[in-house]
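Chemist: First, the structure itself, so that you have it in front of you.
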Amino acid sequence: MRKIRKYWIFVFYLLIVVFFCCPDYYIDDPYCTVIEDSDGELLGARIASDGQWRFPEKAILPEIYIQALITFEDKRFYAHQGIDPVAVVRALAHNIRQGKTVEGGSTISMQVVRLMRKGKKRTLKEKIIETLLAIRLEASMSKKEILSLYTANAPFGGNVVGIEAAAWRYFGRNAADLSWAEAATLAVLPNSPALIHPGRNRNALKIKRDALLNKMMQKGIINENERMLAAIEPLPVNPLPLPRLAPHLLDKVAEMFPGQRIVTTISSPLQQSVNVVAGNHINIFKANMVNNTAVIIAEIESGNVLAYLGNILSGNDNHGANVDIIAAPRSTGSILKPFLYAAMLDEGEILPGTLIPDIPFHIAGFSPQNYSKSFDGAVSAHDALTRSLNVPSVRMLADYNVEKFHLLLKDLGMTTLTKPPMHYGLSLILGGAEATLWDITGMYADMARLVNRFGTNSGRYNIHDTKKLNYIKDMETKEKKQVYSASGLISAAAIYQTLEALSELNRPEEESSWMMFSSGRKIAWKTGTSYGNRDAWSVGVTPDYVVGVWVGNASGEGRPLLTGVGYAAPLMFDVFNLLPRSRNWFRQPYDEMSKIAVCRRSGHRAGEYCEDTDSVWVGQAALSSSVCPYHRLVHLDKDEKYRVNSSCYPPHEMVHKPWFVLPPAQEWFYRRYHADYRPLPPIDPRCSIDESSPMQMIYPTYGISVVATKQLSGEKGKIVLQAAHNRAKSIIYWHIDEQYIGETHDNHQMAYLPSSGNHTITLVDDEGYSLIMPFVVK
């Protein structure tokens, strides 16, 4: 009796030690970083830090595999509490008959404990400990949790661990999509993982698989036809490579969420299509030694990213294929111009048709040039945007203020502006700053979203309407408090006018006939090309989607002809063709707009002397904008040949006419492209009319310093002075420091060999008008 009592006391203390004193066992092996698309399909995975393909546990277990597993390993799994006495007795009898250990009788719970206690020898003592810990495991975890631990950590041969990794490595599919034959194959593998190796015991693996299929048929899990079809399915041969649909996004996730499974917002079919389309384009681009491209697609409403192509992968990284261009700062070229245009419309500083000077411009050593190397004299703000003219854009930024634009870009989400405004200066609008494709695409999406939601917000602005793009599914599950205001960073009216202008851009040649078809897709889009043809950009928006594209070389090497419109835009339009068509265009925000009369010639609000006017919709700020400064009333003789005044001509015989007059320098370039431009008639010789000089210096302009360069011979080179006169066939007499240097007729350019220091230019025309201007030669 005393011995029995000691025995139970020993058992009691043993149970206390096992259940309360033993540490909690858990599997702390490192997991792969895994990314899935929005439907749970695998996009890619990075191998775990210990060199194993081990995916993180999944909440939903693959049902077919679980049935095969329980049938093979532990048919009374749901009935026992960690140990199956029937299986233990059966295994003991089998081992005695064989004279050696051929069957263990372990339950799935016991195998989970063994996985937790890796490295332990398989002795009787360890078997007892495993049994007790299995009972404890069953008491502390649900059956589903135990199955989840087992399926995520069971060995499947080689460096493959867990059912998810095994399904992809051996069958190239999700574990939930396994066939009965595939599930049976993987169910028997952890019991004998060495059988999976090619050329080794393949027949033994097939025998074990088919035996399990027979057992499943006997249990009524599958029928005879399913068993027969499963039995003829081939076994896996070589491990398959895992999908690499978005490798640069995988790198991004692995850095931020190592060892986790992240369900993204990516659409796997769309991602695959983008990869193919971009690959086709890059094969063409390589003829010009252009090797890299990046594409991003996002929904406007949610900001969710649908496709993320950080770069085109190649067999090696000689061309920087591993660089994630979407996240890499690159020179912006002209891609920021729409934001300046919208900002100036918003503040009433311009109207769409407002004339902007397009003449040579020099400031602090900065001399911007249009891509065509020519000047139009004056162009509308609308045309300056759609034609992406550099000189008018720089003048617009000078009027708007660099500091203010710098702050606006940061508020809109441009994160790469790390230097103060003056570091960038006026070059900010031409690519003097760097931006990421991620930021730029998000900023264009914000513009579209603000217009979309203006109506649904009852003419108000919600601070949550501007937000960063997102690639993690259900990232914003918590309902945000809606905060409304009467104004946004940029008004919906200004953005709408900007998107309308961008929708009129000339498309690449293949797309140029889009307006001929009733089903033609309307897109607001803009390109950009950085200095030296290093970066080609194109970003387009519809009410539903935004597409951002970059083309170039990750190394920063420029290539001839590499431009946004020639390289990035055709790819962007091909990507848009993969997307559903938007049924409607952006709704005009009438609540923020009014119709006013504008001068058709100058684009300003119509003044009293503007005869030809249009009625256009403008934002509220435009109601207080300046009236047309270019139309004025001129007094002519009765034959309309000369300008006159009351001091030399009878007032009752005068003809009074409105006249469109540009400043001399603008006029000189403008009339080359506008045959209908009429210069002012000359002044009647008998009259004395006090007016500003008909001449204007083009180069140098007031207050700038001229740098005299050396020629290849080492001699100092001449500088070319240039002026404009508003009268055709005029003569200008040139003087430097009161010394006459020559005359020019009509085309007023004068070469001059300068000396260093301060100088004064004096111009006198053939009618006696003069212009005096100081300049400095360095």
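So you can find residues: chains in the structure tokens are A, B, ... in the order shown, residues in each start at 1, and ligands are numbered from 1 in order.
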Taking a cut-off of 7 Å and counting only C-alpha atoms, can you build a table that, for each residue of stretch 152-229 of chain A near stretch 51-68 of chain A, reports the nearest atom pair and how far apart they are in Å (one decimal), sorted by chain then residue number, as JSON lines?
Modeler:
{"residue": "A:Ala152", "atom": "CA", "partner": "A:Glu57", "partner_atom": "CA", "distance": 5.4}
{"residue": "A:Asn159", "atom": "CA", "partner": "A:Gln52", "partner_atom": "CA", "distance": 4.8}
{"residue": "A:Val160", "atom": "CA", "partner": "A:Trp53", "partner_atom": "CA", "distance": 4.9}
{"residue": "A:Val161", "atom": "CA", "partner": "A:Arg54", "partner_atom": "CA", "distance": 4.8}
{"residue": "A:Gly162", "atom": "CA", "partner": "A:Arg54", "partner_atom": "CA", "distance": 5.9}
{"residue": "A:Glu164", "atom": "CA", "partner": "A:Phe55", "partner_atom": "CA", "distance": 6.4}
{"residue": "A:Ala165", "atom": "CA", "partner": "A:Phe55", "partner_atom": "CA", "distance": 6.0}
{"residue": "A:Ala175", "atom": "CA", "partner": "A:Pro62", "partner_atom": "CA", "distance": 5.9}
{"residue": "A:Ala176", "atom": "CA", "partner": "A:Pro62", "partner_atom": "CA", "distance": 4.6}
{"residue": "A:Trp180", "atom": "CA", "partner": "A:Ile64", "partner_atom": "CA", "distance": 6.8}
{"residue": "A:Ala183", "atom": "CA", "partner": "A:Tyr65", "partner_atom": "CA", "distance": 4.7}
{"residue": "A:Ala184", "atom": "CA", "partner": "A:Ala68", "partner_atom": "CA", "distance": 5.5}
{"residue": "A:Ala187", "atom": "CA", "partner": "A:Ala68", "partner_atom": "CA", "distance": 6.0}
Chemist: Report the residues of stretch 203-414 of chain A whose backbone DSSP state falls under helix (DSSP H, G or I), written as a VMD selection string.
Modeler: chain A and resid 203 to 218 224 to 231 247 to 256 268 to 288 325 to 327 337 to 346 381 to 386 390 to 400 402 to 412
Chemist: As a ChimeraX atom specification, please: the residues near A:Ser380 (cut-off 12 Å, only C-alpha atoms, same-chain neighbours under 2 positions excluded).
Modeler: /A:341,350-358,376-378,382-389,392-393,396,501,599-604,670
Chemist: Please provide the set of residues having any atom within 6 Å of A:Ala321, restricted to only C-alpha atoms, with same-chain residues fewer than 2 positions apart removed, written as an MDAnalysis selection string.
Modeler: chainID A and resid 311:313 317 319 323
Chemist: Quick one: residues within 12 Å of stretch 558-566 of chain A, only C-alpha atoms, excluding same-chain residues fewer than 4 positions away - as a ChimeraX atom specification?
Modeler: /A:281,285-293,331-335,371,386-388,505-511,525-539,548-554,570-573
Chemist: Give me the residues near A:Gly757 as an NGL selection string, where near means some atom within 8 Å (using only C-alpha atoms) and where sequence neighbours in that chain fewer than 5 positions away do not count.
Modeler: :A and (776-778)
Chemist: Restrict the selected residues to all heavy atoms and save them as a short mmCIF file (atom, residue, chain, number, x, y, z; two decimals), in the first residue's frame.
Modeler:
data_model
loop_
_atom_site.label_atom_id
_atom_site.label_comp_id
_atom_site.auth_asym_id
_atom_site.auth_seq_id
_atom_site.Cartn_x
_atom_site.Cartn_y
_atom_site.Cartn_z
N VAL A 776 27.40 94.36 -66.62
CA VAL A 776 28.72 94.04 -66.07
C VAL A 776 29.29 92.86 -66.82
O VAL A 776 28.60 91.87 -67.09
CB VAL A 776 28.64 93.71 -64.56
CG1 VAL A 776 30.02 93.36 -64.01
CG2 VAL A 776 28.03 94.87 -63.79
N VAL A 777 30.58 92.93 -67.17
CA VAL A 777 31.29 91.83 -67.83
C VAL A 777 32.27 91.23 -66.83
O VAL A 777 33.06 91.95 -66.22
CB VAL A 777 32.04 92.30 -69.08
CG1 VAL A 777 32.86 91.15 -69.67
CG2 VAL A 777 31.05 92.84 -70.11
N LYS A 778 32.18 89.88 -66.67
CA LYS A 778 33.11 89.18 -65.77
C LYS A 778 34.08 88.37 -66.61
O LYS A 778 33.69 87.77 -67.60
CB LYS A 778 32.34 88.27 -64.82
CG LYS A 778 31.50 89.02 -63.80
CD LYS A 778 30.88 88.06 -62.81
CE LYS A 778 30.11 88.82 -61.73
NZ LYS A 778 29.49 87.92 -60.75
#
Chemist: Find the residues around A:His631 up to 8 Å (only C-alpha atoms counted), leave out those fewer than 3 positions away in its own chain, and share them as JSON, numbers by chain.
Modeler: {"A": [607, 609, 610, 628, 658, 659, 660, 661]}
Chemist: Residues as selected, C-alpha atoms, written as an mmCIF file, in the first residue's frame, can you do that?
Modeler:
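Below is the file result02.cif, written as the result:
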data_model
loop_
_atom_site.group_PDB
_atom_site.id
_atom_site.type_symbol
_atom_site.label_atom_id
_atom_site.label_comp_id
_atom_site.auth_asym_id
_atom_site.auth_seq_id
_atom_site.Cartn_x
_atom_site.Cartn_y
_atom_site.Cartn_z
ATOM 1 C CA GLY A 607 -11.064 95.290 -70.505
ATOM 2 C CA TYR A 609 -10.744 97.916 -75.326
ATOM 3 C CA CYS A 610 -10.978 94.140 -75.866
ATOM 4 C CA CYS A 628 -6.047 92.864 -70.213
ATOM 5 C CA PRO A 658 -8.393 99.366 -79.926
ATOM 6 C CA TRP A 659 -4.985 97.827 -80.608
ATOM 7 C CA PHE A 660 -3.266 94.715 -79.294
ATOM 8 C CA VAL A 661 0.294 95.752 -78.395
#
Chemist: From the list A:Gly158, A:Gln749, A:Pro681, A:Leu721, which residue is nearest A:Ile761 when using only C-alpha atoms?
Modeler: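 Counting only C-alpha atoms, the residue closest to A:Ile761 is A:Leu721.
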